[in-house]
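Enquirer: What follows is a structure written as structure tokens; I'll ask about it next.
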Amino acid sequence: MISTGNDIISLNAINITRTKQEKFYSKILSPTEKELYNQAEFAAIPFENFVWLLWSIKESAYKYLKRNNPTLVFIPIKFTVKQLLIPPGYTLTNFETTQLEGAGFNNKAALKGVITIGDDTLYSNSLMHRELIVSVVNDAENFKNVCWGIKLIDGSDPEYQSTAVRKFLVERLKEVLHLDGLVIGKNAIGIPTVLKEGGELPVAVSLSHHEGLIAYSYR
């Protein structure tokens, strides 16, 4: 079954001091992942960013797998990022827009990862700016059929975030599918679904929000 998973982090909202404490990050990073950060190419990334980058990758992988494995429980340390490649000459930049959407990541300075849990292997693409991290996972290295979007909103109330991200996704799907009356619902295990006149469409979607940020991915 086709699936997708995404996650977004507002770096302006994290507690940097707490994130750097081993008691905190050891619940997210395995010892081998901690060693991964010590490689020279990660010098351009603050440690707290690295911790939340791996969280976003693992959360995205969990959302991807949960669609087909309803009993899966999210324990970050059990998801292992085996590989993380940084674009040559990578530096952190500002997110200099209020909305960004795309299909695939070929023209983006994305950090590319490989993540495993049990017998499953997934691939990730992540965009990191000074203000945010967004990750998307797929079951193949090629993301050309994976679409995604990021948007800044003017509120952080959970109900407002939820409404805003659904509206954001529906507006894009209306353009792509040439359909009106689309609604984002949830199935019996809480996975987002695309509905049209009460019936579920064969489109896998994932939603995320954090503080004043919302994001989607779909296939």
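Ligands are numbered from 1 in the order shown, residues from 1 within each chain, and chains are lettered A, B, ... in the order they appear in the structure tokens.
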Please report, as CSV, each residue of range 46-164 of chain A lying at most 8 Å from range 200-215 of chain A, together with the nearest pair of atoms and the separation in Å rounded to one decimal; use only C-alpha atoms, and order rows by chain and ascending residue number.
Expert:
```
residue,atom,partner,partner_atom,distance
A:Lys63,CA,A:Ser206,CA,7.4
A:Val134,CA,A:Ala215,CA,7.8
A:Trp148,CA,A:Ala215,CA,7.3
A:Gly149,CA,A:Ala215,CA,5.4
A:Ile150,CA,A:Ala215,CA,4.5
A:Lys151,CA,A:Ile214,CA,5.4
A:Leu152,CA,A:Leu213,CA,4.8
A:Ile153,CA,A:Gly212,CA,5.0
A:Asp154,CA,A:Gly212,CA,6.0
A:Gly155,CA,A:Gly212,CA,5.6
A:Ser156,CA,A:Glu211,CA,4.6
A:Asp157,CA,A:Glu211,CA,7.9
A:Gln161,CA,A:His209,CA,6.4
A:Ser162,CA,A:His209,CA,7.6
A:Ala164,CA,A:Ile214,CA,7.6
```
Enquirer: Do a neighbour search on Val51 in chain A at 12 Å with only C-alpha atoms, toss out local chain neighbours closer than 5 positions, and write the hits as a PyMOL selection string.
Expert: chain A and resi 9+11+14-16+18-22+24-30+33-34+36-37+42+45-46+56-58+76-77+81+133
Enquirer: Taking only C-alpha atoms into account, produce a table as JSON lines in which each residue of range 86-125 of chain A with an atom at most 12 Å from an atom of range 68-75 of chain A appears once, together with its shortest atom pair and the distance in Å to one decimal, ordered by chain and rising number.
Expert:
```
{"residue": "A:Ile117", "atom": "CA", "partner": "A:Ile75", "partner_atom": "CA", "distance": 10.3}
{"residue": "A:Gly118", "atom": "CA", "partner": "A:Leu72", "partner_atom": "CA", "distance": 11.3}
{"residue": "A:Asp120", "atom": "CA", "partner": "A:Asn69", "partner_atom": "CA", "distance": 11.5}
```
Enquirer: Using backbone DSSP assignments, extract all strand (DSSP E) residues from range 5-210 of chain A; output them as a PyMOL selection string.
Expert: chain A and resi 5-10+80-85+99-103+111-117+120-128+132-138+147-152+182-186+192-196+199-200+205-210
Enquirer: Give me a file of those residues, with C-alpha atoms, as a short mmCIF file (atom, residue, chain, number, x, y, z; two decimals), in the first residue's frame.
Expert:
```cif
data_model
loop_
_atom_site.label_atom_id
_atom_site.label_comp_id
_atom_site.auth_asym_id
_atom_site.auth_seq_id
_atom_site.Cartn_x
_atom_site.Cartn_y
_atom_site.Cartn_z
CA GLY A 5 5.12 10.45 6.33
CA ASN A 6 6.31 13.93 7.23
CA ASP A 7 7.19 16.07 10.24
CA ILE A 8 8.02 19.71 10.86
CA ILE A 9 9.95 21.31 13.74
CA SER A 10 10.03 24.98 14.69
CA THR A 80 17.87 3.90 13.50
CA VAL A 81 19.24 6.47 11.06
CA LYS A 82 21.92 4.42 9.32
CA GLN A 83 23.11 7.12 6.94
CA LEU A 84 22.77 10.87 6.60
CA LEU A 85 24.31 12.70 3.67
CA GLN A 99 5.09 29.17 1.75
CA LEU A 100 7.03 26.55 -0.19
CA GLU A 101 5.76 23.53 -2.12
CA GLY A 102 7.40 21.01 -4.38
CA ALA A 103 7.52 17.52 -5.89
CA LEU A 111 19.86 16.15 3.72
CA LYS A 112 19.32 12.55 2.61
CA GLY A 113 19.00 9.71 5.08
CA VAL A 114 18.43 5.98 5.37
CA ILE A 115 16.41 4.78 8.36
CA THR A 116 15.54 1.31 9.58
CA ILE A 117 13.18 -0.25 12.10
CA ASP A 120 11.83 -2.07 7.18
CA THR A 121 14.14 0.36 5.41
CA LEU A 122 12.98 3.85 4.44
CA TYR A 123 14.60 6.89 2.87
CA SER A 124 14.34 10.48 4.03
CA ASN A 125 14.81 13.95 2.61
CA SER A 126 15.01 16.87 5.02
CA LEU A 127 15.19 20.62 4.58
CA MET A 128 16.81 22.56 7.40
CA LEU A 132 12.73 25.06 10.88
CA ILE A 133 13.31 21.46 9.93
CA VAL A 134 10.94 19.49 7.73
CA SER A 135 11.40 15.82 6.83
CA VAL A 136 9.61 13.49 4.43
CA VAL A 137 10.13 9.73 4.08
CA ASN A 138 9.55 7.30 1.25
CA CYS A 147 4.80 16.07 -3.05
CA TRP A 148 5.19 18.31 -0.02
CA GLY A 149 4.43 21.77 1.30
CA ILE A 150 5.51 24.11 4.12
CA LYS A 151 3.65 27.20 5.29
CA LEU A 152 3.97 29.81 8.01
CA LEU A 182 -12.46 17.31 -0.84
CA VAL A 183 -12.23 16.77 2.92
CA ILE A 184 -9.32 15.56 5.04
CA GLY A 185 -10.60 13.02 7.55
CA LYS A 186 -9.11 10.23 9.66
CA PRO A 192 -5.30 11.21 7.70
CA THR A 193 -7.37 10.32 4.63
CA VAL A 194 -8.73 12.21 1.63
CA LEU A 195 -12.51 11.97 1.32
CA LYS A 196 -14.86 12.88 -1.51
CA GLY A 199 -15.67 7.86 0.00
CA GLU A 200 -11.93 7.60 0.56
CA VAL A 205 -1.34 12.03 2.95
CA SER A 206 0.58 13.09 6.04
CA LEU A 207 0.15 16.26 8.11
CA SER A 208 2.29 18.00 10.72
CA HIS A 209 2.41 21.27 12.61
CA HIS A 210 4.54 22.92 15.27
#
```
Enquirer: Quick one: residues within 10 Å of Ala44 in chain A, only C-alpha atoms counted, chain neighbours fewer than 4 positions away excluded, as a ChimeraX atom specification?
Expert: /A:40,86,89-92
Enquirer: Could you find all residues in range 34-211 of chain A that DSSP calls alpha helix (DSSP H) from the backbone, and write them as an MDAnalysis selection string?
Expert: chainID A and resid 34:37 47:66 158:177
Enquirer: Taking only C-alpha atoms into account, which of A:Glu131, A:Asp139, A:Pro87, A:Phe95 comes nearest Ala110 in chain A?
Expert: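 Ranking A:Glu131, A:Asp139, A:Pro87, A:Phe95 by distance to Ala110 in chain A, first place goes to A:Pro87.
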Enquirer: Would you compute the distance between CA of Glu141 in chain A and CA of Ser217 in chain A? Give it in Å to one decimal.
Expert: 15.7 Å
Enquirer: One decimal, Å: what's the distance from CA of Asp180 in chain A over to CA of Tyr160 in chain A, could you say?
Expert: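 Here the two named atoms are 22.3 Å from each other.
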